[in-house]
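entry.cif follows; it contains mmCIF, C-alpha atoms.
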data_input
loop_
_atom_site.label_atom_id
_atom_site.label_comp_id
_atom_site.auth_asym_id
_atom_site.auth_seq_id
_atom_site.Cartn_x
_atom_site.Cartn_y
_atom_site.Cartn_z
CA MET A 1386 -67.49 -8.24 74.89
CA SER A 1387 -66.02 -6.35 71.96
CA VAL A 1388 -65.01 -2.71 72.15
CA ALA A 1389 -67.99 -1.81 69.97
CA GLU A 1390 -70.29 -3.41 72.53
CA GLU A 1391 -69.37 -1.15 75.47
CA PRO A 1392 -72.64 -0.04 77.09
CA THR A 1393 -73.90 3.43 76.31
CA ALA A 1394 -77.02 5.35 77.25
CA ALA A 1395 -79.60 4.01 74.82
CA GLU A 1396 -81.84 6.46 73.00
CA PRO A 1397 -85.37 5.09 72.59
CA LEU A 1398 -86.40 4.40 69.00
CA LEU A 1399 -90.15 4.83 69.11
CA ALA A 1400 -91.04 5.21 65.42
CA PRO A 1401 -89.35 4.97 62.03
CA ALA A 1402 -87.59 8.17 60.99
CA GLU A 1403 -89.69 8.33 57.81
CA GLY A 1404 -92.90 7.22 59.50
CA VAL A 1405 -94.67 3.89 59.24
CA PRO A 1406 -95.17 3.07 55.55
CA PRO A 1407 -98.52 1.80 54.28
CA VAL A 1408 -99.08 -1.92 53.90
CA LEU A 1409 -98.84 -2.89 50.23
CA ALA A 1410 -101.45 -5.45 49.25
CA SER A 1411 -102.01 -5.18 45.49
CA PRO A 1412 -99.95 -6.31 42.48
CA ASP A 1413 -99.48 -2.72 41.31
CA GLU A 1414 -98.22 -1.61 44.73
CA VAL A 1415 -95.78 -4.51 44.90
CA ALA A 1416 -94.49 -3.77 41.40
CA ALA A 1417 -93.94 -0.12 42.30
CA ALA A 1418 -92.10 -1.13 45.48
CA ALA A 1419 -89.91 -3.50 43.48
CA LYS A 1420 -88.98 -0.69 41.12
CA SER A 1421 -88.06 1.59 44.01
CA ILE A 1422 -85.97 -1.11 45.70
CA ALA A 1423 -84.14 -1.86 42.47
CA ALA A 1424 -83.17 1.82 42.25
CA GLY A 1425 -81.69 1.76 45.76
CA THR A 1426 -78.14 0.89 46.71
CA GLY A 1427 -76.39 -1.64 48.90
CA PRO A 1428 -77.75 -4.63 50.81
CA LEU A 1429 -81.42 -5.21 51.56
CA ALA A 1430 -82.71 -5.45 55.13
CA VAL A 1431 -85.34 -8.19 55.33
CA ASP A 1432 -87.69 -9.44 58.03
CA ALA A 1433 -90.88 -11.45 58.02
CA GLU A 1434 -93.62 -11.94 60.56
CA ARG A 1435 -95.28 -15.32 60.94
CA ALA A 1436 -98.14 -16.57 63.11
CA SER A 1437 -96.41 -19.35 65.02
CA GLY A 1438 -98.64 -20.74 67.71
CA PHE A 1439 -101.73 -19.58 65.81
CA ARG A 1440 -101.39 -21.10 62.33
CA TYR A 1441 -100.28 -24.52 61.11
CA SER A 1442 -98.16 -23.14 58.29
CA ALA A 1443 -94.90 -21.24 58.67
CA ARG A 1444 -95.88 -18.79 55.94
CA ALA A 1445 -94.98 -15.13 56.12
CA TYR A 1446 -97.94 -12.86 56.88
CA LEU A 1447 -95.97 -9.63 56.59
CA ILE A 1448 -92.69 -8.87 54.82
CA GLN A 1449 -90.54 -5.88 55.81
CA LEU A 1450 -87.88 -4.58 53.42
CA ARG A 1451 -85.52 -1.63 53.62
CA ARG A 1452 -82.76 -0.46 51.29
CA GLU A 1453 -80.61 2.65 51.18
CA GLY A 1454 -82.11 5.18 48.79
CA ALA A 1455 -85.45 3.40 48.66
CA GLY A 1456 -86.79 3.40 52.22
CA THR A 1457 -88.92 0.86 54.06
CA PHE A 1458 -91.71 -1.25 52.59
CA LEU A 1459 -94.33 -3.37 54.35
CA ILE A 1460 -95.89 -6.01 52.12
CA ASP A 1461 -98.86 -8.23 52.87
CA PRO A 1462 -97.99 -11.34 50.81
CA ILE A 1463 -101.30 -13.14 51.30
CA PRO A 1464 -103.37 -11.30 48.64
CA VAL A 1465 -100.40 -11.00 46.24
CA THR A 1466 -98.85 -14.46 46.51
CA ASP A 1467 -99.10 -14.92 42.73
CA ALA A 1468 -97.87 -11.41 41.93
CA LEU A 1469 -94.46 -11.37 43.61
CA THR A 1470 -92.37 -12.01 40.47
CA PRO A 1471 -91.39 -8.32 40.05
CA LEU A 1472 -90.27 -8.25 43.67
CA ALA A 1473 -88.26 -11.46 43.28
CA GLU A 1474 -86.56 -10.05 40.19
CA ALA A 1475 -85.63 -6.90 42.12
CA ILE A 1476 -84.31 -8.47 45.32
CA ASN A 1477 -83.16 -12.04 44.67
CA ASP A 1478 -79.78 -10.90 43.30
CA LEU A 1479 -79.06 -8.74 46.34
CA GLU A 1480 -77.33 -9.41 49.63
CA TRP A 1481 -80.04 -9.80 52.25
CA VAL A 1482 -79.51 -8.80 55.86
CA LEU A 1483 -81.63 -10.71 58.36
CA HIS A 1484 -81.51 -11.39 62.07
CA SER A 1485 -81.80 -15.15 62.76
CA ALA A 1486 -82.16 -15.82 59.05
CA ASP A 1487 -82.98 -19.51 59.40
CA GLN A 1488 -86.32 -18.54 60.96
CA ASP A 1489 -87.56 -16.53 57.98
CA LEU A 1490 -85.83 -17.91 54.89
CA PRO A 1491 -88.06 -21.03 54.49
CA GLY A 1492 -91.29 -19.01 54.48
CA LEU A 1493 -89.84 -16.45 52.07
CA ALA A 1494 -88.58 -19.22 49.79
CA GLU A 1495 -92.16 -20.53 49.55
CA LEU A 1496 -92.96 -17.16 47.95
CA GLY A 1497 -90.11 -17.40 45.45
CA LEU A 1498 -87.93 -14.96 47.41
CA ARG A 1499 -84.37 -16.25 47.87
CA PRO A 1500 -81.19 -14.21 48.47
CA ALA A 1501 -78.08 -14.47 46.32
CA ARG A 1502 -75.99 -13.57 49.38
CA LEU A 1503 -76.74 -13.39 53.08
CA PHE A 1504 -75.59 -11.55 56.17
CA ASP A 1505 -77.13 -12.81 59.41
CA THR A 1506 -76.63 -10.25 62.17
CA GLU A 1507 -77.56 -12.69 64.96
CA LEU A 1508 -75.11 -15.34 63.74
CA GLY A 1509 -72.50 -12.67 63.09
CA GLY A 1510 -72.93 -11.51 66.67
CA ARG A 1511 -72.31 -15.01 67.96
CA LEU A 1512 -69.11 -15.33 65.94
CA ALA A 1513 -67.98 -11.90 67.13
CA GLY A 1514 -68.33 -13.08 70.72
CA TYR A 1515 -71.20 -10.85 71.84
CA GLU A 1516 -72.78 -11.97 75.08
CA ARG A 1517 -76.32 -11.01 73.98
CA VAL A 1518 -77.40 -11.51 70.38
CA GLY A 1519 -81.10 -10.65 70.38
CA LEU A 1520 -81.93 -7.86 67.95
CA ALA A 1521 -82.92 -5.39 70.65
CA ALA A 1522 -79.82 -6.15 72.72
CA MET A 1523 -77.47 -5.76 69.77
CA VAL A 1524 -79.09 -2.52 68.60
CA GLU A 1525 -78.76 -1.14 72.12
CA ASN A 1526 -75.19 -2.32 72.74
CA LEU A 1527 -73.78 -1.53 69.32
CA LEU A 1528 -75.85 1.41 68.09
CA GLY A 1529 -76.96 3.03 71.32
CA ARG A 1530 -80.67 2.82 70.48
CA SER A 1531 -83.41 0.92 72.28
CA LEU A 1532 -86.14 -0.89 70.39
CA ARG A 1533 -89.58 -1.41 71.86
CA LYS A 1534 -90.36 -5.08 71.61
CA GLY A 1535 -93.52 -6.98 72.38
CA HIS A 1536 -95.37 -8.12 69.26
CA GLY A 1537 -93.07 -10.81 67.85
CA ALA A 1538 -95.30 -13.59 69.18
CA ALA A 1539 -98.54 -11.96 68.00
CA ASP A 1540 -100.98 -13.49 65.53
CA TRP A 1541 -99.73 -11.81 62.36
CA SER A 1542 -102.48 -13.44 60.32
CA THR A 1543 -104.83 -10.88 61.93
CA ARG A 1544 -106.39 -8.47 59.44
CA PRO A 1545 -106.27 -5.54 59.53
CA LEU A 1546 -102.98 -5.39 61.38
CA PRO A 1547 -103.03 -2.89 64.27
CA ASP A 1548 -101.03 0.30 63.77
CA GLU A 1549 -98.88 -0.47 66.81
CA TRP A 1550 -97.86 -3.81 65.28
CA LEU A 1551 -96.95 -2.15 61.99
CA ASN A 1552 -94.79 0.37 63.82
CA TYR A 1553 -93.02 -2.52 65.55
CA ALA A 1554 -92.56 -4.34 62.23
CA ALA A 1555 -91.07 -1.31 60.48
CA LEU A 1556 -88.65 -0.71 63.35
CA ASP A 1557 -87.29 -4.25 62.97
CA VAL A 1558 -85.58 -3.23 59.72
CA GLU A 1559 -85.00 0.44 60.55
CA LEU A 1560 -81.45 -0.07 61.83
CA LEU A 1561 -80.66 -3.51 60.41
CA LEU A 1562 -78.34 -2.21 57.69
CA GLU A 1563 -76.42 -0.06 60.16
CA LEU A 1564 -76.20 -3.03 62.51
CA ARG A 1565 -74.85 -5.19 59.68
CA ASP A 1566 -72.03 -2.74 59.02
CA THR A 1567 -71.08 -2.54 62.70
CA VAL A 1568 -71.03 -6.32 63.12
CA ALA A 1569 -69.02 -6.69 59.89
CA GLU A 1570 -66.44 -4.22 61.20
CA ASP A 1571 -66.08 -6.22 64.41
CA LEU A 1572 -65.76 -9.50 62.52
CA ALA A 1573 -63.14 -8.03 60.20
CA ALA A 1574 -61.16 -6.60 63.13
CA GLN A 1575 -61.15 -10.05 64.76
CA GLY A 1576 -60.14 -11.83 61.55
CA LYS A 1577 -63.44 -13.72 61.44
CA MET A 1578 -65.09 -12.34 58.32
CA ASP A 1579 -64.20 -15.36 56.20
CA TRP A 1580 -65.55 -17.67 58.89
CA ALA A 1581 -68.77 -15.69 59.01
CA ALA A 1582 -69.11 -15.80 55.23
CA GLU A 1583 -68.93 -19.61 55.32
CA GLU A 1584 -71.59 -19.73 58.04
CA PHE A 1585 -73.87 -17.31 56.21
CA GLU A 1586 -73.59 -19.35 53.02
CA HIS A 1587 -74.34 -22.53 54.96
CA VAL A 1588 -77.55 -20.97 56.32
CA ARG A 1589 -78.48 -19.59 52.90
CA THR A 1590 -78.13 -22.91 51.09
CA MET A 1591 -79.14 -25.50 53.65
CA ASP A 1592 -82.17 -27.62 52.92
CA PRO A 1593 -85.21 -27.43 55.18
CA PRO A 1594 -85.00 -30.09 57.90
CA ALA A 1595 -86.70 -33.32 56.97
CA PRO A 1596 -89.83 -34.07 59.03
CA LYS A 1597 -88.87 -36.23 61.99
CA ALA A 1598 -90.29 -39.71 62.14
CA ASP A 1599 -92.83 -40.43 64.88
CA ARG A 1600 -93.37 -36.75 65.66
CA TRP A 1601 -96.32 -37.82 67.81
CA ARG A 1602 -93.82 -39.14 70.36
CA ARG A 1603 -93.03 -35.53 71.26
CA THR A 1604 -96.52 -35.12 72.75
CA SER A 1605 -96.09 -33.43 76.11
CA GLY A 1606 -96.85 -35.83 78.97
CA ILE A 1607 -96.41 -38.99 76.90
CA HIS A 1608 -93.75 -40.17 79.36
CA THR A 1609 -96.52 -40.90 81.89
CA LEU A 1610 -97.97 -43.66 79.69
CA ARG A 1611 -96.77 -47.20 80.28
CA ARG A 1612 -98.59 -49.41 77.77
CA PRO A 1613 -98.13 -49.71 73.98
CA ARG A 1614 -101.85 -49.43 73.35
CA GLN A 1615 -101.93 -46.11 75.16
CA LEU A 1616 -99.19 -44.93 72.81
CA ALA A 1617 -101.34 -46.10 69.89
CA VAL A 1618 -104.15 -43.85 71.15
CA VAL A 1619 -101.74 -40.92 71.30
CA ARG A 1620 -100.56 -41.66 67.77
CA GLU A 1621 -104.09 -41.84 66.34
CA LEU A 1622 -105.31 -38.73 68.13
CA TRP A 1623 -102.15 -36.80 67.23
CA THR A 1624 -102.52 -37.78 63.56
CA THR A 1625 -106.21 -36.83 63.51
CA ARG A 1626 -105.44 -33.49 65.15
CA ASP A 1627 -102.61 -32.84 62.67
CA GLU A 1628 -104.88 -33.50 59.69
CA LEU A 1629 -107.55 -31.16 61.06
CA ALA A 1630 -104.99 -28.48 61.85
CA ARG A 1631 -103.41 -28.67 58.42
CA ALA A 1632 -106.80 -28.44 56.68
CA ARG A 1633 -107.81 -25.40 58.73
CA ASP A 1634 -104.33 -23.83 58.90
CA VAL A 1635 -104.61 -23.64 62.67
CA ALA A 1636 -101.86 -24.49 65.15
CA PRO A 1637 -102.48 -28.07 66.39
CA SER A 1638 -102.43 -27.01 70.04
CA ARG A 1639 -105.41 -24.76 69.31
CA ILE A 1640 -107.35 -27.72 67.95
CA LEU A 1641 -106.61 -29.99 70.92
CA PRO A 1642 -103.92 -29.60 73.60
CA ASP A 1643 -101.44 -32.38 74.30
CA SER A 1644 -102.83 -32.78 77.82
CA ALA A 1645 -106.20 -33.83 76.38
CA ILE A 1646 -104.57 -36.44 74.13
CA VAL A 1647 -102.75 -37.96 77.09
CA ALA A 1648 -105.96 -37.90 79.18
CA ALA A 1649 -107.81 -39.84 76.48
CA ALA A 1650 -104.99 -42.39 76.24
CA THR A 1651 -105.08 -42.80 80.02
CA ASN A 1652 -108.86 -43.13 80.41
CA ASP A 1653 -109.77 -45.07 77.22
CA PRO A 1654 -113.26 -43.61 76.60
CA ARG A 1655 -115.71 -45.96 74.85
CA THR A 1656 -118.50 -43.52 74.02
CA ILE A 1657 -118.84 -39.88 73.05
CA ALA A 1658 -120.45 -39.24 76.44
CA GLN A 1659 -117.43 -40.71 78.22
CA LEU A 1660 -115.08 -38.76 75.97
CA ARG A 1661 -116.79 -35.49 76.77
CA THR A 1662 -116.35 -35.99 80.49
CA LEU A 1663 -112.58 -35.69 80.00
CA PRO A 1664 -110.85 -32.31 80.30
CA VAL A 1665 -111.13 -30.16 77.14
CA PHE A 1666 -113.14 -32.69 75.10
CA GLY A 1667 -116.37 -31.29 76.51
CA GLY A 1668 -115.56 -27.75 75.39
CA PRO A 1669 -117.53 -26.10 72.57
CA ARG A 1670 -114.63 -26.08 70.10
CA GLN A 1671 -113.80 -29.78 70.60
CA ARG A 1672 -117.36 -31.14 70.81
CA ARG A 1673 -117.88 -30.72 67.05
CA TYR A 1674 -114.99 -33.13 66.48
CA SER A 1675 -116.14 -35.69 69.06
CA ARG A 1676 -116.78 -38.36 66.44
CA ASP A 1677 -113.32 -37.83 64.95
CA TRP A 1678 -111.65 -38.11 68.37
CA LEU A 1679 -113.59 -41.21 69.38
CA ALA A 1680 -112.92 -42.84 66.01
CA ALA A 1681 -109.19 -42.31 66.57
CA VAL A 1682 -109.41 -43.98 70.00
CA ASP A 1683 -111.41 -46.85 68.50
CA ARG A 1684 -108.80 -47.39 65.76
CA ALA A 1685 -106.07 -47.67 68.36
CA ARG A 1686 -108.14 -50.09 70.43
CA ALA A 1687 -108.73 -52.31 67.40
CA LEU A 1688 -105.10 -52.66 66.39
CA PRO A 1689 -103.57 -56.13 66.73
CA ASP A 1690 -100.75 -56.30 69.26
CA LYS A 1691 -98.09 -56.66 66.59
CA GLN A 1692 -99.05 -53.27 65.12
CA LEU A 1693 -98.76 -51.38 68.40
CA PRO A 1694 -95.91 -48.89 68.67
CA PRO A 1695 -93.01 -49.92 70.91
CA LEU A 1696 -92.65 -48.09 74.20
CA THR A 1697 -89.21 -46.87 73.16
CA LEU A 1698 -87.36 -46.51 69.88
CA PRO A 1699 -83.82 -47.67 69.25
CA PHE A 1700 -81.25 -44.91 69.52
CA ASP A 1701 -80.24 -43.22 66.29
CA GLY A 1702 -76.76 -42.33 67.36
CA PRO A 1703 -75.08 -42.18 70.74
CA PRO A 1704 -77.01 -42.99 73.92
CA PRO A 1705 -77.62 -40.29 76.52
CA VAL A 1706 -74.29 -39.06 77.86
CA ASN A 1707 -75.16 -40.06 81.43
CA ARG A 1708 -75.04 -43.71 80.30
CA TRP A 1709 -71.66 -43.57 78.62
CA GLU A 1710 -69.57 -44.30 81.70
CA ARG A 1711 -71.36 -47.60 82.24
CA ARG A 1712 -71.62 -48.68 78.61
CA ASP A 1713 -68.25 -47.51 77.26
CA PRO A 1714 -65.91 -45.84 79.75
CA ILE A 1715 -63.26 -45.26 77.07
CA ALA A 1716 -65.73 -43.31 74.92
CA ALA A 1717 -66.87 -41.38 78.01
CA ALA A 1718 -63.27 -40.37 78.72
CA ARG A 1719 -62.84 -39.39 75.06
CA LEU A 1720 -65.89 -37.15 75.23
CA THR A 1721 -64.70 -35.41 78.38
CA THR A 1722 -61.33 -34.73 76.78
CA ALA A 1723 -62.89 -33.55 73.52
CA ARG A 1724 -65.33 -31.24 75.33
CA ASN A 1725 -62.48 -29.71 77.32
CA ALA A 1726 -60.54 -29.10 74.11
CA MET A 1727 -63.55 -27.46 72.45
CA GLY A 1728 -64.17 -25.37 75.56
CA ASP A 1729 -60.59 -24.09 75.45
CA LEU A 1730 -61.00 -23.31 71.75
CA SER A 1731 -64.23 -21.45 72.47
CA THR A 1732 -62.51 -19.30 75.07
CA GLU A 1733 -59.51 -18.64 72.84
CA HIS A 1734 -61.61 -17.38 69.92
CA SER A 1735 -64.57 -15.92 71.85
CA ILE A 1736 -67.06 -18.06 69.94
CA PRO A 1737 -69.79 -20.16 71.61
CA VAL A 1738 -68.74 -23.80 71.61
CA GLU A 1739 -71.93 -24.80 69.76
CA ASN A 1740 -70.98 -22.47 66.91
CA LEU A 1741 -67.45 -23.84 66.74
CA LEU A 1742 -68.76 -27.34 66.12
CA SER A 1743 -72.08 -29.08 66.54
CA PRO A 1744 -72.11 -30.73 70.00
CA ASP A 1745 -73.95 -33.69 68.48
CA LEU A 1746 -71.13 -34.14 65.97
CA VAL A 1747 -68.58 -34.16 68.80
CA ARG A 1748 -70.62 -36.79 70.65
CA ARG A 1749 -70.88 -38.98 67.56
CA LEU A 1750 -67.17 -38.65 66.91
CA CYS A 1751 -66.34 -39.79 70.42
CA TRP A 1752 -68.91 -42.58 70.55
CA ASP A 1753 -68.39 -44.42 67.29
CA GLY A 1754 -66.59 -42.08 64.90
CA LEU A 1755 -63.23 -43.61 65.78
CA PRO A 1756 -64.04 -47.33 65.82
CA ASP A 1757 -60.39 -48.43 65.72
CA TYR A 1758 -59.30 -45.81 68.21
CA LYS A 1759 -56.45 -47.74 69.83
CA ASN A 1760 -55.01 -48.75 66.45
CA VAL A 1761 -55.62 -45.54 64.53
CA GLY A 1762 -51.90 -45.15 63.83
CA THR A 1763 -49.98 -41.90 63.78
CA PRO A 1764 -51.33 -38.52 64.90
CA GLU A 1765 -51.42 -37.60 61.21
CA GLU A 1766 -53.70 -40.57 60.50
CA LEU A 1767 -55.89 -39.69 63.48
CA SER A 1768 -56.09 -36.10 62.22
CA ALA A 1769 -57.14 -37.35 58.77
CA ALA A 1770 -59.80 -39.59 60.31
CA ILE A 1771 -61.21 -36.72 62.39
CA GLU A 1772 -61.12 -34.38 59.38
CA GLU A 1773 -63.07 -36.84 57.25
CA PHE A 1774 -65.63 -37.53 59.98
CA LEU A 1775 -66.29 -33.84 60.56
CA ARG A 1776 -66.45 -33.10 56.84
CA ALA A 1777 -68.98 -35.90 56.30
CA GLY A 1778 -70.96 -34.55 59.25
CA GLY A 1779 -71.33 -31.12 57.65
CA ALA A 1780 -68.68 -29.14 59.51
CA ARG A 1781 -67.60 -26.13 57.48
CA PRO A 1782 -63.94 -25.68 56.42
CA TRP A 1783 -63.26 -22.94 59.01
CA GLN A 1784 -64.66 -25.16 61.75
CA ARG A 1785 -62.48 -28.08 60.70
CA THR A 1786 -59.42 -25.83 60.49
CA LEU A 1787 -59.87 -24.93 64.16
CA ALA A 1788 -61.30 -28.14 65.57
CA VAL A 1789 -59.24 -30.86 63.91
CA PRO A 1790 -55.85 -29.90 65.43
CA ALA A 1791 -57.42 -29.37 68.87
CA LEU A 1792 -59.31 -32.68 68.77
CA THR A 1793 -56.32 -34.55 67.35
CA LYS A 1794 -54.16 -33.36 70.23
CA ALA A 1795 -56.84 -34.16 72.78
CA LEU A 1796 -57.71 -37.60 71.40
CA THR A 1797 -54.25 -38.91 70.61
CA PRO A 1798 -53.84 -41.98 72.84
CA LYS A 1799 -51.38 -41.39 75.63
CA VAL A 1800 -48.31 -43.60 75.56
CA GLU A 1801 -48.16 -45.61 78.76
#
Show me the file's structure as structure tokens.
Amino acid sequence: MSVAEEPTAAEPLLAPAEGVPPVLASPDEVAAAAKSIAAGTGPLAVDAERASGFRYSARAYLIQLRREGAGTFLIDPIPVTDALTPLAEAINDLEWVLHSADQDLPGLAELGLRPARLFDTELGGRLAGYERVGLAAMVENLLGRSLRKGHGAADWSTRPLPDEWLNYAALDVELLLELRDTVAEDLAAQGKMDWAAEEFEHVRTMDPPAPKADRWRRTSGIHTLRRPRQLAVVRELWTTRDELARARDVAPSRILPDSAIVAAATNDPRTIAQLRTLPVFGGPRQRRYSRDWLAAVDRARALPDKQLPPLTLPFDGPPPVNRWERRDPIAAARLTTARNAMGDLSTEHSIPVENLLSPDLVRRLCWDGLPDYKNVGTPEELSAAIEEFLRAGGARPWQRTLAVPALTKALTPKVE
């Protein structure tokens, strides 16, 4: 824990100092807000509220902005999606301050809102070694104020938004700029500001993750199925549900829960009547899609055997770590040594080990990243090989500067 994080008696923050601003929902209101923000000074505090668990999309349903000299603004982007150009022109050249920026940046980018620079208070807190990096915890520990939480998981697509929710939303940016400055001071005092800048830029510029193949395989309960044709039923029902959810912009689980998909795959209904005897399928919301669900089951049943999905997929990368000792004891020993080295580095710099270097990258390095391990040559050549592997794997320069010497020392073969 840093000195700045010493506990103090927290003063409750119940409402914004300037009151809860009105929700802006017209092009003229957004243009006026943009003008006010442009006249402000310093970084811009940014937050966005989504409707995860309620909607299919990850779009922002409320945007909160605050800048010194301008105040706080709440913007409903849904009715003004095509009128945000003045706002983008006012804020896209600024440094944005967000907490857990990777959660909100994709949805804001869909609206044409992208920061020129970024400061992520949550990520900064991790690099500074704080034990708790939630927004409320950091505001309490660093600023001595307590935030009332409770609406982050609400359905922000609700209209009109309740006053209590708007108060909560405005408070999320009320102290964000002050928090940024405090975290920056801690990072600078620890000599980590350059490291943080690299991490912030990585978050700002990284591409959205590509959709994973065979996402239907993540259906909860699928591990109970033992036959390929049952998996085909899951795949067809999952795909049908996804198409319906996308068209209606409703979270897939609200169309049909995973448990119902697995029940259908287990019981293999042949008629709508049989389908409706299964849990959930007889409910009023699902009955209107009975023909779609049964058609999906029928498609899976009609597939030739050669088109059925395999029970398991080949590994893309290292096998589960608990199998290493049996399959490759040398690699297992390498991983243990590398993990110990990264753990020591984590303790030395007060940075979580997962922020020092991706654990998956360490596993890949130890499994097959050093194919000619016994004949790698000198420690300098091993260091160069590790450097290149980590660089190709996306490790930032500051991470490589710390990790490469530690991993080189740990992985240099011992002379017998």
Show me, as CSV, the residues of segment 1540-1572 of chain A having an atom within 9 Å of segment 1578-1583 of chain A, each with the closest atom pair and its distance in Å, using all atoms listed in the file.
residue,atom,partner,partner_atom,distance
A:Ala1569,CA,A:Met1578,CA,7.1
A:Glu1570,CA,A:Met1578,CA,8.7
A:Asp1571,CA,A:Met1578,CA,8.7
A:Leu1572,CA,A:Met1578,CA,5.1
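When atom CA of Leu1490 of chain A is paired with atom CA of Ala1574 of chain A, their separation reads 28.4 Å.
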Which residues would end up in the selection if the PyMOL selection byres ((chain A and resi 1599) around 12) were applied here, given that I need the answer as a PyMOL selection string? chain A and resi 1596-1598+1600-1604+1616-1617+1619-1621+1623-1624+1694-1695+1697-1698
Taking all atoms listed in the file into account, which of A:Ala1723, A:Ala1395, A:Ala1445, A:Ala1650 comes nearest Arg1533 of chain A?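 Nearest candidate to Arg1533 of chain A out of A:Ala1723, A:Ala1395, A:Ala1445, A:Ala1650: A:Ala1395.
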Residues in the PyMOL selection byres ((chain A and resi 1688) around 12), expressed as a VMD selection string: chain A and resid 1613 to 1618 1620 to 1621 1681 to 1687 1689 to 1694
For segment 1409-1424 of chain A, list every protein, DNA or RNA residue within 6 Å, evaluated using all atoms listed in the file, and leave out those in the same chain fewer than 2 positions away; present the list as a list in words.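 Selected residues are Ala1455, Ile1460, Asp1461, Ala1468, Pro1471, Leu1472 and Ala1475 of chain A.
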Contacts of Ala1554 of chain A at 8 Å or less, counting only C-alpha atoms, minus same-chain residues fewer than 3 places along, as a PyMOL selection string? chain A and resi 1434+1449+1550-1551+1557-1558
Going by the chain IDs and residue numbers used in this file, which residues fall under the PyMOL selection byres ((chain A and resi 1524) around 10)? Write them as a list in words.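 Evaluating the PyMOL selection byres ((chain A and resi 1524) around 10) on this file yields Glu1390, Ala1395, Val1518, Gly1519, Leu1520, Ala1521, Ala1522, Met1523, Glu1525, Asn1526, Leu1527, Leu1528, Gly1529, Arg1530, Ser1531, Leu1532, Leu1560, Leu1561, Glu1563, Leu1564 and Thr1567 of chain A.
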Residue nearest Gln1575 of chain A among A:Pro1547, A:Gly1509, A:Pro1637, A:Pro1744 (counting all atoms listed in the file):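 Checking each candidate against Gln1575 of chain A, we get A:Gly1509 as the closest.
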Enter the distance from atom CA of Leu1730 of chain A to atom CA of Thr1763 of chain A, in Å, rounded to one decimal.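 A separation of 23.0 Å between them.
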One number please: atom CA of Arg1676 of chain A to atom CA of Ile1607 of chain A, in Å, one decimal. 22.9 Å
What's around Arg1451 of chain A at 7 Å? Count all atoms listed in the file, leave out sequence neighbours fewer than 2 positions away in its own chain, and write the answer as a PyMOL selection string. chain A and resi 1429-1431+1449+1453+1456-1458+1558
I'd like the contact shell of Thr1721 of chain A - 12 Å cut-off, all atoms listed in the file, skipping same-chain residues fewer than 3 positions apart - returned as a PyMOL selection string. chain A and resi 1706-1707+1709-1710+1714-1718+1724-1728+1747-1748+1751-1752+1792+1795-1796
From the set A:Gly1454, A:Arg1517, A:Ala1501, A:Pro1764, which residue has the shortest atom-to-atom contact distance to Lys1799 of chain A, counting all atoms listed in the file?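 Closest to Lys1799 of chain A of all the choices is A:Pro1764.
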